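Below is one structure, written out as structure tokens, with a few remarks after it.
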Amino acid sequence: MRLLKPKEAATLPREALEAHVVSLLRGCRGLLALRSAHAHLTRLRLPRLTAAFALSKLLAACASAPAPPAAAASSYARTLFDQIPDPTAFCYNSLIRALPAAGAAPAPALAVYRLMLRAGSPRPNTFTLAFALKACAAVPAPGEGRQLHAQALRQGLEASAYVQTGLLNLYAKCEQVALARTVFDGMAPDKSLVAWSAMINGYSRVGMVTEALGLFREMQAVGVEPDEVTMVGVISACAKAGALDLGKWVHAYIDRKGITVDLELSTALIDMYAKCGLIERARGVFDAMVEKDTKAWSAMIVGFAIHGLVEDALGLFSRMLELKVRPNNVTFIGVLSACAHSGLVDDGRRYWSIMQNLGIKPSMENYGCMIDLLCRSGLLDDAYSFVIDMPISPNSIIWRTLLVACKSSNRIDIAESASKRLLELEPHNPENYVLLSNLCASNSQWDRVSYLRKKMKDSNVTAVAGCSSIEINGYLHEFVVSDDSHPEIKEIRLVLREIADRVRRAGHKPWTAAVLHDVGEEEKEVALCEHSERLAIAYGLLKTKAPHVIRVVKNLRFCPDCHEVAKIISKSYNREIIVRDRVRFHKFIGGSCSCKDFW
DNA sequence: ATAGGGTTAG
């Protein structure tokens with residue numbers, strides 16, 4: 001387009017000047033272009049009102065720039081805003097949109113929203129609410145969000161579909177799915193795809209897989225066609241559930257519908273295949289990607305790590321550096337946990353310093369990986385000093401990691417202080433009581449075990465039950481410890497008995513120390529046989545034939561005795577068994593496990 | 001002018 005000269009501009013009417021501004025900004029891509037357009041407009045010495053118009057258009061362009069608001073863009077947006085004499089609601093809205101929503105509290109975007117309220121005029125409109133809600137969701141800030149909800153109601157802005165979707169998404173991000181659902185149900189029947197996707201994703205985020213998938217079916221039933229954003233939620237739900245058959249079906253559905261498999265969906269697919277135990281297919285999706293970013297690489301590296309494929313994980317990391325893709329904290333979670341799962345202490349330490357040389361500030365999770373690495377290699381003193389020297393206050397997971405390690409190396413000194421800190425941080429977490437009584441039980445301190453049990457009962461804490469699931473013909477069968485509710489429990493019991501016979505003949509002695517209660521050895525053996533993972537594996541043996549792989553997902557860590565038994569089963573029945581426990585995969589073939597018994 | 005998406009230690 002032709003640029004105006006200041007002399008020409010002086011002769012033109014306001015409408016013509018505004019049209020010039022609009023067409024000038026239409027061609028702008030990115031911050032630099034906006035700045036040079038701004039410089040040009042300044043040279044024109046526009047009349048006051050037209051200048052304000054130009055500034056608000058610049059501000060709006062700044063807000064809708066494709067990249068996420070970088071520091072430079074947001075400070076520029078603020079400069080623009082400050083030059084506008086009487087900012088309209090449109091100006092406030094653009095500024096809220098242009099400022100970073102996430103990050104330090106209070107988020108700058110929300111601060112501007114509050115500023116607007118305090119100024120008294122202009123009043124917020126539906127756009128303001130929608131942008132402010134988005135900022136709240138990005139933090140996420142549930143308290144602020146509720147205030148915004150109240151304000152939306154007070155100002156009569158709640159009828160807007162955009163405000164409703166904003167609220168729904170806010171609650172979903174805050175993991176308050178019940179509230180999100182209330183908003184969702186209150187929306188008009190012709191809900192947008194965006195609303196459906198946000199709700200499905202909300203369920204998926206909190207692990208309510210059945211609800212996520214149910215809603216996906218409902219959406220199809222009312223004739224709303226999903227897109228790639230919807231499918232990210234559905235695929236993530238499959239990943240969380242470890243539901244491989246379902247995940248495969250959904251992937252096929254994506255292909256059949258011609259839904260674009262973009263960067264985000266590919267990453268979700270990598271994660272799903274990795275978490276469902278098909279690491280080769282995860283690799284296939286990864287290799288087929290034309291564009292890969294840090295998150296895609298990280299998903300693949302973490303995938304290899306949970307499969308115990310340390311060479312693949314570390315090899316991919318080197319390749320990533322070669323290709324100049326910048327790793328982030330999550331990438332290093334993958335790298336460090338891969339080292340931890342294989343006992344590579346020196347390598348782990350080396351990667352730790354690489355991380356620091358790259359200027360990446362270690363997160364709580366990174367510290368956790370490092371402490372886990374040291375603990376697994378029996379370097380309890382190193383681990384403990386690492387914890388003490390952390391610049392951030394260690395969380396409960398870190399103390400628990402230490403405590404678990406104390407159990408196997410009998411370090412009562414460290415155990416005492418770790419358990420003290422743990423109970424201070426989390427007095428109501430049942431897991432801690434289970435762990436502590438486990439620790440006491442392995443030292444035969446039965447009086448302390450019963451003390452803990454009483455304390456647990458008094459404070460109304462109930463332990464999380466071990467739960468394992470197996471997918472048979474597309475149905476997810478769930479088993480909890482000592483579960484006899486399954487309709488085929490009689491047949492399952494027969495399989496369990498046969499397993500017990502074969503295991504005994506293989507010379508295995510049940511590792512009864514894994515049983516918490518102070519009961520006789522025989523009862524302990526029975527208790528072991530009722531562990532959820534064993535029930536699920538037995539059901540797999542009952543319902544499938546070789547070479548079908550028995551795939552089980554467990555919510556807690558593998559019981560050490562069941563781990564031994566699974567090895568024997570894989571050999572004796574000549575079956576491949578893959579179990580995903582809480583932290584990683586175990587692949588049993590011919591009597592040995594991919595974790596090499598190091599976990 | 002507006003709303004929805006991917007990787008995260010034990």
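Order determines the names: the first chain of the structure tokens is A, the second B, and so forth; residues in each chain are numbered 1 upward, and ligands are numbered 1 upward as they are shown.
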Give me, as CSV, each residue of chain A that comes within 7 Å of chain B, together with its shortest interatomic pair and the distance in Å at one decimal, counting only C-alpha atoms (C1' of nucleotides), with rows ordered by chain and rising residue number.
residue,atom,partner,partner_atom,distance
A:Phe127,CA,B:DT2,C1',5.5
A:Ala130,CA,B:DT2,C1',6.5
A:Tyr162,CA,B:DA3,C1',5.0
A:Thr165,CA,B:DA3,C1',5.4
A:Gly166,CA,B:DA3,C1',5.8
A:Val194,CA,B:DG4,C1',4.5
A:Ala195,CA,B:DG4,C1',6.5
A:Ser197,CA,B:DG4,C1',5.3
A:Ala198,CA,B:DG4,C1',4.7
A:Val229,CA,B:DG5,C1',4.7
A:Val232,CA,B:DG5,C1',5.8
A:Glu264,CA,B:DG6,C1',4.2
A:Leu265,CA,B:DG6,C1',6.2
A:Thr267,CA,B:DG6,C1',5.0
A:Ala268,CA,B:DG6,C1',5.0
A:Lys295,CA,B:DT7,C1',4.7
A:Ala296,CA,B:DT7,C1',6.4
A:Ser298,CA,B:DT7,C1',5.2
A:Ala299,CA,B:DT7,C1',4.3
A:Val330,CA,B:DT8,C1',5.3
A:Ile333,CA,B:DA9,C1',6.8
A:Glu365,CA,B:DA9,C1',4.4
A:Asn366,CA,B:DA9,C1',6.4
A:Gly368,CA,B:DA9,C1',4.8
A:Cys369,CA,B:DA9,C1',4.9
A:Ile397,CA,B:DG10,C1',5.9
A:Arg400,CA,B:DG10,C1',6.9
A:Thr401,CA,B:DG10,C1',5.6
Output the selection as an mmCIF file, in the first residue's frame - C-alpha atoms for each residue.
data_model
loop_
_atom_site.group_PDB
_atom_site.id
_atom_site.type_symbol
_atom_site.label_atom_id
_atom_site.label_comp_id
_atom_site.auth_asym_id
_atom_site.auth_seq_id
_atom_site.Cartn_x
_atom_site.Cartn_y
_atom_site.Cartn_z
ATOM 1 C CA PHE A 127 -15.384 -9.114 25.881
ATOM 2 C CA ALA A 130 -14.089 -13.317 28.413
ATOM 3 C CA TYR A 162 -18.257 -16.521 25.287
ATOM 4 C CA THR A 165 -17.326 -20.867 27.833
ATOM 5 C CA GLY A 166 -14.751 -18.772 29.661
ATOM 6 C CA VAL A 194 -15.363 -25.046 21.936
ATOM 7 C CA ALA A 195 -17.597 -25.677 24.954
ATOM 8 C CA SER A 197 -13.940 -29.576 23.889
ATOM 9 C CA ALA A 198 -13.275 -27.589 27.045
ATOM 10 C CA VAL A 229 -8.538 -29.751 19.710
ATOM 11 C CA VAL A 232 -6.393 -33.937 22.052
ATOM 12 C CA GLU A 264 -0.365 -30.752 19.626
ATOM 13 C CA LEU A 265 -2.372 -33.789 18.576
ATOM 14 C CA THR A 267 2.336 -34.927 20.893
ATOM 15 C CA ALA A 268 -0.793 -36.218 22.610
ATOM 16 C CA LYS A 295 7.189 -30.567 23.997
ATOM 17 C CA ALA A 296 7.123 -33.207 21.273
ATOM 18 C CA SER A 298 10.090 -34.183 25.673
ATOM 19 C CA ALA A 299 7.045 -36.410 25.307
ATOM 20 C CA VAL A 330 10.280 -31.347 31.379
ATOM 21 C CA ILE A 333 12.622 -34.798 33.878
ATOM 22 C CA GLU A 365 10.358 -32.182 39.777
ATOM 23 C CA ASN A 366 13.969 -31.909 38.625
ATOM 24 C CA GLY A 368 12.887 -34.913 42.771
ATOM 25 C CA CYS A 369 14.472 -36.830 39.877
ATOM 26 C CA ILE A 397 7.077 -36.210 47.239
ATOM 27 C CA ARG A 400 8.579 -39.662 50.522
ATOM 28 C CA THR A 401 11.276 -40.579 48.017
#
Worksheet item: What does the distance between CA of Glu530 in chain A and CA of Lys240 in chain A come to in Å, to one decimal place?
Response: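 So the two atoms, CA of Glu530 in chain A and CA of Lys240 in chain A, lie 24.6 Å apart.
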Could you please write out, as a short mmCIF file (atom, residue, chain, number, x, y, z; two decimals) with N, CA and C atoms, in the first residue's frame, every residue of range 372-414 of chain A that DSSP assigns to helix (DSSP H, G or I)?
data_model
loop_
_atom_site.label_atom_id
_atom_site.label_comp_id
_atom_site.auth_asym_id
_atom_site.auth_seq_id
_atom_site.Cartn_x
_atom_site.Cartn_y
_atom_site.Cartn_z
N ASP A 372 15.82 -38.96 43.62
CA ASP A 372 15.44 -40.33 43.34
C ASP A 372 16.64 -41.11 42.80
N LEU A 373 17.38 -40.46 41.90
CA LEU A 373 18.57 -41.07 41.29
C LEU A 373 19.58 -41.46 42.36
N LEU A 374 19.84 -40.53 43.28
CA LEU A 374 20.81 -40.81 44.34
C LEU A 374 20.29 -41.89 45.28
N CYS A 375 19.01 -41.82 45.61
CA CYS A 375 18.42 -42.80 46.53
C CYS A 375 18.49 -44.21 45.96
N ARG A 376 18.09 -44.34 44.68
CA ARG A 376 18.07 -45.67 44.07
C ARG A 376 19.46 -46.28 44.01
N LEU A 380 22.41 -42.48 50.11
CA LEU A 380 21.45 -41.80 50.98
C LEU A 380 21.98 -40.49 51.54
N ASP A 381 23.26 -40.49 51.90
CA ASP A 381 23.82 -39.26 52.47
C ASP A 381 23.87 -38.15 51.44
N ASP A 382 24.28 -38.51 50.22
CA ASP A 382 24.29 -37.52 49.14
C ASP A 382 22.88 -37.00 48.90
N ALA A 383 21.92 -37.92 48.89
CA ALA A 383 20.54 -37.53 48.65
C ALA A 383 20.07 -36.57 49.74
N TYR A 384 20.41 -36.91 50.98
CA TYR A 384 19.94 -36.09 52.09
C TYR A 384 20.57 -34.69 52.03
N SER A 385 21.87 -34.62 51.74
CA SER A 385 22.47 -33.27 51.65
C SER A 385 21.89 -32.50 50.47
N PHE A 386 21.58 -33.22 49.41
CA PHE A 386 20.95 -32.57 48.26
C PHE A 386 19.64 -31.92 48.68
N VAL A 387 18.85 -32.65 49.47
CA VAL A 387 17.57 -32.13 49.94
C VAL A 387 17.79 -30.90 50.82
N ILE A 388 18.76 -31.01 51.74
CA ILE A 388 19.01 -29.91 52.67
C ILE A 388 19.48 -28.66 51.93
N ASP A 389 20.26 -28.87 50.85
CA ASP A 389 20.82 -27.72 50.12
C ASP A 389 19.89 -27.13 49.07
N SER A 396 6.34 -32.84 49.65
CA SER A 396 6.10 -34.15 50.27
C SER A 396 6.65 -35.29 49.42
N ILE A 397 6.60 -35.13 48.11
CA ILE A 397 7.08 -36.21 47.24
C ILE A 397 8.56 -36.47 47.49
N ILE A 398 9.30 -35.38 47.67
CA ILE A 398 10.74 -35.51 47.91
C ILE A 398 11.00 -36.24 49.23
N TRP A 399 10.28 -35.85 50.26
CA TRP A 399 10.46 -36.55 51.55
C TRP A 399 10.07 -38.02 51.44
N ARG A 400 9.01 -38.26 50.68
CA ARG A 400 8.58 -39.66 50.52
C ARG A 400 9.62 -40.49 49.78
N THR A 401 10.23 -39.88 48.77
CA THR A 401 11.28 -40.58 48.02
C THR A 401 12.40 -40.99 48.96
N LEU A 402 12.81 -40.05 49.79
CA LEU A 402 13.86 -40.34 50.77
C LEU A 402 13.44 -41.47 51.70
N LEU A 403 12.20 -41.36 52.15
CA LEU A 403 11.70 -42.32 53.13
C LEU A 403 11.67 -43.74 52.56
N VAL A 404 11.23 -43.85 51.32
CA VAL A 404 11.19 -45.16 50.67
C VAL A 404 12.60 -45.75 50.62
N ALA A 405 13.56 -44.87 50.30
CA ALA A 405 14.95 -45.34 50.21
C ALA A 405 15.47 -45.76 51.58
N CYS A 406 15.05 -45.07 52.61
CA CYS A 406 15.48 -45.42 53.97
C CYS A 406 15.05 -46.83 54.32
N LYS A 407 13.89 -47.20 53.78
CA LYS A 407 13.35 -48.51 54.09
C LYS A 407 14.30 -49.60 53.63
N SER A 408 14.79 -49.47 52.40
CA SER A 408 15.63 -50.56 51.90
C SER A 408 17.06 -50.49 52.45
N SER A 409 17.50 -49.30 52.86
CA SER A 409 18.87 -49.26 53.35
C SER A 409 18.95 -49.12 54.87
N ILE A 412 17.68 -45.42 59.80
CA ILE A 412 16.68 -44.91 60.74
C ILE A 412 16.85 -43.41 60.97
N ASP A 413 18.12 -42.94 61.00
CA ASP A 413 18.37 -41.52 61.28
C ASP A 413 17.67 -40.62 60.28
N ILE A 414 17.90 -40.90 58.99
CA ILE A 414 17.27 -40.08 57.97
C ILE A 414 15.76 -40.30 57.96
#
Worksheet entry | Within 8 Å of Asn201 in chain A using only C-alpha atoms (C1' of nucleotides), minus same-chain residues under 6 positions, as a PyMOL selection string | chain A and resi 172+212+230+232-234
Worksheet entry | Interatomic distance (Å, one decimal) between CA of Leu167 in chain A and CA of Gly145 in chain A |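 For CA of Leu167 in chain A relative to CA of Gly145 in chain A, the distance reads 7.7 Å.
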Fill in: range 133-138 of chain A environment, 7 Å, only C-alpha atoms (C1' of nucleotides), sequence neighbours closer than 6 positions dropped, as a list in words
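Counting only C-alpha atoms (C1' of nucleotides), the residues come to Ala101, Ala102, Ala109, Leu110, Glu144, Gly145, Gly166, Leu167, Asn169, Leu170 and Lys173 of chain A.
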